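Structure file work.txt with compact mmCIF, C-alpha atoms:
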```txt
# COMPACT_ATOMS: atom_id res chain seq x y z
CA MET A 1 -40.45 22.61 14.28
CA ASN A 2 -37.49 20.97 16.03
CA LYS A 3 -34.70 20.72 13.46
CA TYR A 4 -31.07 19.70 13.96
CA ILE A 5 -27.99 19.39 11.78
CA SER A 6 -26.46 16.09 10.76
CA ILE A 7 -23.48 15.29 8.57
CA ILE A 8 -23.25 12.37 6.18
CA LEU A 9 -19.77 11.25 5.23
CA ILE A 10 -19.36 9.26 2.02
CA ALA A 11 -16.08 7.42 1.51
CA LEU A 12 -14.69 7.18 -2.00
CA LEU A 13 -11.52 5.38 -3.04
CA ALA A 14 -9.15 7.38 -5.19
CA SER A 15 -7.24 5.81 -8.06
CA CYS A 16 -3.92 4.41 -6.87
CA THR A 17 -2.31 5.70 -10.05
CA ASP A 18 -3.48 9.28 -9.44
CA MET A 19 -2.28 10.24 -5.97
CA HIS A 20 -3.25 13.70 -4.79
CA ASP A 21 -4.34 15.61 -1.71
CA PRO A 22 -7.39 14.18 0.06
CA LEU A 23 -10.63 15.91 -0.89
CA LEU A 24 -13.51 16.81 1.35
CA HIS A 25 -16.21 19.15 0.04
CA THR A 26 -19.94 19.78 0.17
CA ALA A 27 -21.87 18.16 -2.61
CA GLY A 28 -24.76 20.61 -2.80
CA LYS A 29 -28.40 19.75 -2.12
CA VAL A 30 -28.46 16.60 -4.24
CA GLU A 31 -28.04 13.41 -2.31
CA VAL A 32 -24.80 11.65 -3.13
CA LYS A 33 -24.85 7.88 -2.84
CA PRO A 34 -21.79 5.73 -2.15
CA GLU A 35 -20.00 5.33 -5.46
CA VAL A 36 -19.09 1.68 -5.20
CA GLU A 37 -19.26 1.27 -8.96
CA GLN A 38 -16.64 3.97 -9.39
CA SER A 39 -14.31 2.15 -7.03
CA VAL A 40 -14.78 -1.10 -8.93
CA LYS A 41 -14.07 0.73 -12.17
CA ILE A 42 -10.88 2.18 -10.73
CA GLU A 43 -9.77 -1.26 -9.58
CA THR A 44 -10.45 -2.72 -13.03
CA MET A 45 -8.54 0.08 -14.76
CA TRP A 46 -5.64 -0.37 -12.36
CA GLN A 47 -5.42 -4.08 -13.05
CA ALA A 48 -5.78 -3.65 -16.80
CA ASP A 49 -2.97 -1.11 -16.88
CA TRP A 50 -0.61 -3.37 -14.96
CA GLN A 51 -1.68 -6.61 -16.60
CA SER A 52 -0.34 -5.30 -19.91
CA LYS A 53 3.14 -5.18 -18.31
CA TRP A 54 2.73 -8.24 -16.06
CA GLN A 55 3.56 -11.40 -18.01
CA VAL A 56 3.05 -13.93 -15.22
CA ASP A 57 -0.22 -15.90 -15.28
CA TRP A 58 -1.42 -15.11 -11.75
CA ASN A 59 -3.91 -17.57 -10.28
CA GLU A 60 -6.11 -15.49 -7.96
CA GLN A 61 -7.75 -18.56 -6.41
CA THR A 62 -4.35 -19.86 -5.32
CA HIS A 63 -2.40 -16.65 -4.73
CA GLY A 64 -5.11 -14.09 -3.93
CA GLU A 65 -6.18 -10.84 -5.59
CA ILE A 66 -3.52 -9.13 -7.66
CA GLY A 67 -4.86 -5.60 -7.09
CA TYR A 68 -6.72 -3.53 -4.53
CA THR A 69 -10.20 -4.57 -3.45
CA GLN A 70 -13.10 -2.53 -2.12
CA PRO A 71 -13.00 -2.33 1.71
CA GLU A 72 -16.15 -3.42 3.50
CA THR A 73 -15.91 -1.23 6.61
CA TYR A 74 -14.25 2.02 7.69
CA HIS A 75 -13.25 3.72 10.92
CA MET A 76 -13.51 7.46 11.62
CA ASP A 77 -12.12 9.66 14.40
CA TYR A 78 -13.23 13.27 14.64
CA PHE A 79 -11.63 16.18 16.48
CA LYS A 80 -12.15 19.79 17.34
CA ALA A 81 -9.99 22.25 15.42
CA ASN A 82 -7.55 22.42 18.35
CA GLY A 83 -6.82 18.71 17.95
CA GLU A 84 -9.01 17.56 20.84
CA TRP A 85 -10.44 14.10 20.11
CA ILE A 86 -14.22 14.06 20.57
CA GLY A 87 -15.45 10.79 19.11
CA GLN A 88 -15.09 7.78 16.85
CA ARG A 89 -17.37 5.67 14.69
CA ASP A 90 -17.15 2.53 12.58
CA MET A 91 -19.19 2.35 9.41
CA ASP A 92 -20.30 -0.55 7.28
CA GLY A 93 -20.33 0.20 3.58
CA ASN A 94 -19.36 3.65 2.35
CA SER A 95 -21.41 6.18 4.35
CA ILE A 96 -22.16 7.29 7.87
CA ARG A 97 -24.05 10.08 9.66
CA ILE A 98 -22.71 11.93 12.65
CA ASP A 99 -24.20 14.79 14.67
CA LEU A 100 -21.91 17.76 15.29
CA GLY A 101 -22.59 21.18 16.75
CA HIS A 102 -21.55 24.42 15.09
CA GLY A 103 -17.78 24.78 14.85
CA THR A 104 -14.68 23.66 12.98
CA TYR A 105 -13.58 20.03 12.91
CA ASP A 106 -10.96 17.61 11.61
CA LEU A 107 -11.78 14.10 10.37
CA LEU A 108 -9.55 11.03 10.08
CA THR A 109 -10.97 8.11 8.11
CA TYR A 110 -9.35 4.80 7.18
CA ASN A 111 -10.48 1.31 6.27
CA ASN A 112 -10.82 -1.60 8.67
CA ASP A 113 -9.97 -5.23 7.72
CA THR A 114 -6.26 -4.71 8.42
CA GLN A 115 -5.21 -7.84 10.27
CA ASN A 116 -1.46 -7.41 9.76
CA ILE A 117 -1.35 -3.69 10.60
CA ARG A 118 -0.81 -2.32 14.10
CA PHE A 119 -1.86 1.26 14.89
CA THR A 120 0.07 3.31 17.46
CA GLN A 121 -1.61 6.55 18.50
CA ALA A 122 0.17 9.51 20.10
CA ASP A 123 -1.45 10.71 23.34
CA ASP A 124 -2.17 14.11 21.78
CA TRP A 125 -3.26 12.59 18.44
CA SER A 126 -0.37 14.32 16.66
CA SER A 127 0.30 11.01 14.90
CA LEU A 128 -1.29 7.65 14.18
CA ILE A 129 1.38 5.21 13.02
CA ALA A 130 0.50 2.15 10.96
CA SER A 131 3.17 -0.57 11.04
CA THR A 132 3.60 -4.36 11.01
CA ASP A 133 5.34 -6.92 13.22
CA ALA A 134 8.53 -8.79 12.48
CA GLU A 135 8.28 -11.77 10.14
CA THR A 136 9.34 -14.63 12.40
CA ASN A 137 9.20 -17.48 9.87
CA VAL A 138 12.09 -16.30 7.69
CA VAL A 139 15.64 -17.56 8.19
CA LEU A 140 18.21 -15.49 6.29
CA PRO A 141 21.57 -16.87 5.16
CA ASP A 142 24.77 -16.13 7.05
CA THR A 143 26.36 -15.17 3.72
CA LEU A 144 24.37 -11.92 3.48
CA LYS A 145 26.38 -8.81 4.29
CA LYS A 146 24.10 -7.92 7.19
CA LYS A 147 21.07 -9.33 8.92
CA LEU A 148 17.89 -7.86 7.50
CA ASP A 149 14.96 -6.55 9.51
CA ILE A 150 12.15 -8.41 7.75
CA ARG A 151 8.61 -7.29 8.59
CA GLN A 152 5.25 -8.72 7.65
CA MET A 153 3.73 -7.14 4.57
CA PRO A 154 0.85 -4.76 5.41
CA ASP A 155 -2.72 -5.21 4.28
CA GLN A 156 -4.19 -2.72 1.84
CA LEU A 157 -4.71 0.58 3.64
CA PHE A 158 -6.55 3.72 2.50
CA SER A 159 -6.97 6.90 4.54
CA MET A 160 -7.96 10.55 4.55
CA TYR A 161 -7.18 13.29 7.08
CA ALA A 162 -9.23 16.43 6.44
CA THR A 163 -8.90 19.59 8.50
CA ASN A 164 -10.89 22.78 9.05
CA ILE A 165 -14.32 21.41 8.19
CA VAL A 166 -16.79 24.15 9.04
CA VAL A 167 -20.22 23.32 10.44
CA SER A 168 -21.86 26.72 10.11
CA ASP A 169 -24.84 28.16 11.91
CA ARG A 170 -26.52 29.15 8.63
CA LEU A 171 -29.36 26.79 7.76
CA GLU A 172 -29.13 27.82 4.11
CA ASP A 173 -25.79 26.00 3.97
CA TYR A 174 -27.60 22.68 4.47
CA GLU A 175 -30.14 20.48 2.79
CA PHE A 176 -33.38 20.02 4.70
CA ILE A 177 -34.78 16.48 4.66
CA PRO A 178 -38.48 16.87 5.58
CA GLU A 179 -39.10 13.12 5.93
CA GLU A 180 -36.49 12.98 8.71
CA ASN A 181 -36.84 16.56 9.99
CA ILE A 182 -33.10 17.23 9.77
CA TYR A 183 -30.71 19.57 8.01
CA LEU A 184 -28.02 17.60 6.22
CA LEU A 185 -24.49 18.56 5.16
CA ARG A 186 -23.07 16.08 2.68
CA LEU A 187 -19.32 15.58 2.52
CA ASN A 188 -17.34 13.41 0.13
CA ALA A 189 -14.26 11.87 1.72
CA GLU A 190 -11.75 10.65 -0.85
CA LEU A 191 -9.47 8.02 0.62
CA THR A 192 -6.11 7.47 -1.07
CA PRO A 193 -3.76 4.45 -0.75
CA ARG A 194 -1.23 4.28 2.06
CA THR A 195 0.10 0.89 0.98
CA PHE A 196 1.31 0.12 -2.51
CA ILE A 197 1.43 -3.03 -4.61
CA TYR A 198 4.51 -4.06 -6.58
CA LEU A 199 4.49 -6.95 -9.02
CA VAL A 200 8.07 -8.20 -9.32
CA GLN A 201 8.78 -10.33 -12.38
CA VAL A 202 12.04 -11.97 -13.42
CA GLU A 203 12.68 -13.03 -17.01
CA LEU A 204 15.21 -15.85 -17.41
CA ARG A 205 17.03 -15.66 -20.72
CA ASN A 206 19.01 -18.54 -22.22
CA ASN A 207 17.65 -20.82 -19.54
CA ASP A 208 17.41 -24.08 -21.52
CA GLY A 209 16.23 -26.02 -18.45
CA THR A 210 19.05 -24.92 -16.13
CA ILE A 211 16.66 -23.17 -13.74
CA LYS A 212 13.75 -25.39 -12.69
CA GLY A 213 12.09 -23.30 -9.99
CA SER A 214 12.29 -20.33 -7.64
CA GLY A 215 12.16 -19.55 -3.94
CA ASN A 216 10.73 -16.58 -2.08
CA MET A 217 11.99 -13.10 -2.91
CA THR A 218 13.22 -10.49 -0.44
CA VAL A 219 13.27 -6.74 -1.15
CA THR A 220 15.19 -4.34 1.10
CA GLY A 221 15.11 -0.57 1.65
CA LEU A 222 11.36 -0.26 2.34
CA ALA A 223 9.51 1.96 4.84
CA SER A 224 8.61 0.31 8.14
CA SER A 225 5.49 2.44 8.74
CA VAL A 226 3.34 5.41 7.71
CA ASP A 227 1.77 8.21 9.76
CA LEU A 228 -1.90 8.60 8.77
CA ILE A 229 -1.94 12.18 10.07
CA SER A 230 1.07 13.59 8.17
CA ARG A 231 0.98 10.86 5.49
CA LYS A 232 4.78 10.62 5.77
CA ASN A 233 6.62 7.30 5.78
CA SER A 234 9.10 6.44 8.50
CA SER A 235 12.81 6.90 7.91
CA GLU A 236 13.53 3.35 9.15
CA ALA A 237 14.26 0.91 6.32
CA ILE A 238 13.13 -2.71 6.52
CA ALA A 239 12.64 -5.65 4.13
CA HIS A 240 9.68 -7.73 2.96
CA HIS A 241 9.74 -11.44 2.08
CA PHE A 242 7.11 -12.83 -0.30
CA GLY A 243 6.30 -15.94 -2.30
CA THR A 244 6.76 -16.43 -6.03
CA VAL A 245 5.32 -18.43 -8.91
CA PHE A 246 7.57 -20.08 -11.50
CA GLN A 247 6.40 -20.45 -15.10
CA GLN A 248 9.08 -21.80 -17.44
CA ASP A 249 11.28 -18.75 -17.98
CA LEU A 250 9.29 -16.32 -15.81
CA ILE A 251 9.25 -15.76 -12.04
CA GLY A 252 6.67 -13.49 -10.43
CA GLY A 253 5.79 -12.28 -6.96
CA ARG A 254 3.42 -9.73 -5.39
CA MET A 255 4.68 -7.37 -2.69
CA VAL A 256 2.59 -4.93 -0.61
CA THR A 257 4.53 -2.19 1.19
CA PHE A 258 4.21 1.25 2.75
CA GLY A 259 6.60 2.41 0.02
CA LEU A 260 9.99 4.09 0.27
CA PRO A 261 11.31 5.49 3.57
CA ASP A 262 11.42 9.14 4.59
CA CYS A 263 8.98 10.53 2.05
CA ILE A 264 5.33 11.27 1.34
CA PRO A 265 4.49 8.83 -1.48
CA GLY A 266 3.23 10.63 -4.55
CA GLU A 267 4.53 13.98 -3.29
CA THR A 268 8.18 13.61 -2.24
CA LEU A 269 10.97 11.08 -2.69
CA PRO A 270 13.76 10.10 -0.27
CA ASP A 271 17.05 11.95 -0.54
CA GLU A 272 18.83 9.99 -3.26
CA ALA A 273 22.23 10.51 -1.61
CA THR A 274 21.20 8.88 1.66
CA GLN A 275 18.48 6.44 0.54
CA GLU A 276 19.17 2.82 1.34
CA ARG A 277 19.31 0.80 -1.87
CA ASN A 278 16.42 -1.45 -2.82
CA LEU A 279 17.92 -4.89 -3.38
CA CYS A 280 15.77 -7.75 -4.63
CA TYR A 281 17.17 -11.15 -3.61
CA VAL A 282 16.07 -13.69 -6.23
CA VAL A 283 16.33 -17.34 -5.20
CA LEU A 284 16.82 -19.78 -8.11
CA LYS A 285 16.42 -23.57 -8.00
CA PHE A 286 18.83 -25.30 -10.40
CA SER A 287 18.12 -28.54 -12.23
CA ASN A 288 20.88 -30.35 -10.27
CA GLY A 289 19.06 -29.66 -7.00
CA TYR A 290 21.20 -26.76 -5.81
CA ARG A 291 19.97 -23.23 -5.10
CA GLY A 292 21.45 -19.81 -5.66
CA CYS A 293 20.57 -16.33 -4.41
CA ILE A 294 21.18 -13.31 -6.63
CA PRO A 295 20.83 -9.70 -5.36
CA VAL A 296 19.62 -7.26 -8.02
CA ASP A 297 19.54 -3.50 -7.45
CA ILE A 298 16.02 -2.21 -8.30
CA THR A 299 16.36 1.22 -6.63
CA ASP A 300 15.86 3.24 -9.81
CA GLN A 301 12.70 1.33 -10.68
CA MET A 302 11.29 1.75 -7.17
CA ARG A 303 11.94 5.51 -7.25
CA ALA A 304 10.28 5.72 -10.67
CA LEU A 305 7.19 3.91 -9.29
CA PRO A 306 6.66 5.33 -5.77
CA LEU A 307 2.97 4.33 -5.82
CA GLY A 308 3.52 0.75 -6.95
CA GLY A 309 3.84 -0.92 -10.33
CA VAL A 310 5.66 -3.66 -12.21
CA ILE A 311 9.36 -4.21 -11.45
CA ASN A 312 11.18 -5.97 -14.30
CA ILE A 313 14.36 -7.98 -13.81
CA VAL A 314 16.14 -9.83 -16.63
CA LEU A 315 18.72 -12.51 -15.81
CA ASP A 316 20.95 -14.18 -18.39
CA VAL A 317 21.27 -17.75 -17.08
CA GLU A 318 24.40 -18.43 -19.15
CA LYS A 319 26.23 -15.66 -17.25
CA LEU A 320 25.21 -16.78 -13.79
CA PRO A 321 27.77 -18.48 -11.51
CA LYS A 322 27.43 -22.25 -11.77
CA PRO A 323 26.02 -23.86 -8.59
CA SER A 324 28.55 -25.63 -6.42
CA GLY A 325 29.28 -26.23 -2.76
CA SER A 326 26.77 -26.56 0.05
CA ASN A 327 23.12 -26.73 -0.91
CA SER A 328 22.04 -24.28 1.81
CA GLY A 329 19.40 -22.65 -0.29
CA TRP A 330 21.37 -19.40 -0.40
CA GLY A 331 25.10 -19.98 -0.36
CA ILE A 332 25.96 -21.13 -3.89
CA GLY A 333 28.64 -18.83 -5.21
CA VAL A 334 27.21 -16.11 -3.03
CA ASN A 335 30.66 -14.61 -2.40
CA ASP A 336 30.85 -13.66 -6.05
CA TRP A 337 27.45 -11.95 -5.82
CA ASP A 338 28.22 -10.15 -2.54
CA GLN A 339 30.03 -7.44 -4.52
CA GLU A 340 26.79 -6.79 -6.42
CA ASP A 341 28.84 -5.99 -9.52
CA HIS A 342 26.98 -8.31 -11.87
CA GLN A 343 25.75 -7.79 -15.43
CA GLN A 344 22.05 -8.46 -15.10
CA GLU A 345 19.81 -6.39 -17.35
CA ILE A 346 17.00 -4.47 -15.68
```
Just give me the structure of the file as structure tokens.
Amino acid sequence: MNKYISIILIALLASCTDMHDPLLHTAGKVEVKPEVEQSVKIETMWQADWQSKWQVDWNEQTHGEIGYTQPETYHMDYFKANGEWIGQRDMDGNSIRIDLGHGTYDLLTYNNDTQNIRFTQADDWSSLIASTDAETNVVLPDTLKKKLDIRQMPDQLFSMYATNIVVSDRLEDYEFIPEENIYLLRLNAELTPRTFIYLVQVELRNNDGTIKGSGNMTVTGLASSVDLISRKNSSEAIAHHFGTVFQQDLIGGRMVTFGLPDCIPGETLPDEATQERNLCYVVLKFSNGYRGCIPVDITDQMRALPLGGVINIVLDVEKLPKPSGSNSGWGIGVNDWDQEDHQQEI
């Protein structure tokens, strides 16, 4: 009987609130089906946990999904143990079969459907960098202390890099499928998030109609890229610019980012002494038609939530500088705020 060995890889999404090392293991001789329901359950739990802290009424039809969604397709590269690239495959759904000879292999798997992400591969496959292009539609005010490097926000990205996968020459290590005349090794590949979602909400206290709307927010001190091989974020700090919704005395916006620079999210944090501060620039529209831009330091909250979460900012409108001067959209009393020595509660 002519038998050969095949491997089936089943992609599972890990909970974004429970980051850990990627898992890849044999599942025994019982066929494991793609656990789409588990991924949906994780997504629902993730949203329920954050919704309890997220006060803004988010309209998904207008503003898009608030949480992660299940990817439809995945890409896989596979290598010999010495790092030599030997093949690639795309898979629809959550599973794929590949034929490998006896030996030791490494597997890199990540989701497709990443329109805003660019992948840069090292010639020797020592790295695969995921990054985004500059955001060209944002004009920053001259009153800011320095020009910010604003990049497009990345799409949701999940990946797994597993090493030293042994394809043995012992048939007893495999499941024989008589209908297909093959020996099958089943592997579960658990993909974990490489981009993280932050819901930024601003509570306006003592507003009394003074603030009538909001502009886009900008957050600084974010990682420009992530390496899918090492899972480490770049040391370069950039900023993201994103839209907001205004609801009476609440402002909310959704930001997707690679996380904080110079760290492995969920495992290490940046050096606190050298980390660039995370400033959130909140644009307020006053009832007299003027605008003001307030920088709020959210570094401590970002470090406390390296895998994403709800960022809370509280502004006392009575203590804000009164709008005056040019209605540039940013420059109202901005010299007072440049010192960033304000009394906003966080």
Which residue is closest to Ile150 of chain A? Choose from A:Asn206, A:Asn216, A:Thr104, A:Ser224 and count all atoms listed in the file.
A:Ser224
Extract, using all atoms listed in the file, all DNA, RNA and protein residues at most 12 Å from Thr274 of chain A, discarding same-chain residues fewer than 4 positions from it, and format them as a PDB file with C-alpha atoms, in the coordinates of the input.
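part.pdb written:
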```pdb
ATOM      1  CA  GLY A 221      15.110  -0.570   1.650  1.00  0.00           C
ATOM      2  CA  SER A 235      12.810   6.900   7.910  1.00  0.00           C
ATOM      3  CA  ALA A 237      14.260   0.910   6.320  1.00  0.00           C
ATOM      4  CA  PRO A 261      11.310   5.490   3.570  1.00  0.00           C
ATOM      5  CA  ASP A 262      11.420   9.140   4.590  1.00  0.00           C
ATOM      6  CA  LEU A 269      10.970  11.080  -2.690  1.00  0.00           C
ATOM      7  CA  PRO A 270      13.760  10.100  -0.270  1.00  0.00           C
TER       8      PRO A 270
END
```
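Comparing A:Ala162, A:Ile177, A:Leu184, A:Val56 by their smallest distance to Leu100 of chain A, the closest is A:Leu184 (using all atoms listed in the file).
Shortest separation to Glu172 of chain A among A:Arg151, A:Ala223, A:His102, A:Leu185 occurs at residue A:Leu185, atoms counted being only C-alpha atoms.
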Of A:Asp133, A:Glu203, A:Asp113, A:Glu84, the one sitting nearest Gln70 of chain A when using only C-alpha atoms is A:Asp113
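The two atoms in question, atom CA of Ser159 of chain A and atom CA of Gln121 of chain A, are spaced 15.0 Å apart.
From atom CA of Cys293 of chain A back to atom CA of Glu135 of chain A, the distance works out to 19.6 Å.
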Min atom-atom distance to Asp92 of chain A from the set A:His240, A:His63, A:His75, A:Arg254, counting all atoms listed in the file, belongs to A:His75
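Ranking A:Gln247, A:Asn312, A:Ser225, A:Thr132 by their shortest atom-to-atom distance to Thr299 of chain A, with all atoms listed in the file included, puts A:Asn312 first.
For Tyr105 of chain A, the residues within 9 Å (counting only C-alpha atoms, excluding itself and residues fewer than 5 positions away along the chain) are Tyr78, Phe79, Lys80, Ala81, Asn82, Gly83, Leu100, Ala162, Thr163, Asn164, Ile165, Val166 and Val167 of chain A.
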May I have the residues within 12 Å of Asn233 of chain A as a PyMOL selection string, using all atoms listed in the file and disregarding those fewer than 4 positions away in the same chain?
chain A and resi 127-131+194-195+222-229+237-238+257-270+306
Any idea what's packed within 8 Å of His241 of chain A, counting all atoms listed in the file, ignoring anything in its chain fewer than 2 positions away? Could you give it as a PyMOL selection string?
chain A and resi 138+150-153+216-219+239+243
Tell me, in Å to one decimal, how far atom CA of Thr69 of chain A is from atom CA of Thr114 of chain A.
12.5 Å
Please list as a compact mmCIF listing (two decimals) with C-alpha atoms, in the frame of the given file every residue within 7 Å of Gly93 of chain A, counting all atoms listed in the file and excluding residues in the same chain fewer than 2 positions away.
```txt
# COMPACT_ATOMS: atom_id res chain seq x y z
CA GLU A 72 -16.15 -3.42 3.50
CA THR A 73 -15.91 -1.23 6.61
CA MET A 91 -19.19 2.35 9.41
CA SER A 95 -21.41 6.18 4.35
```
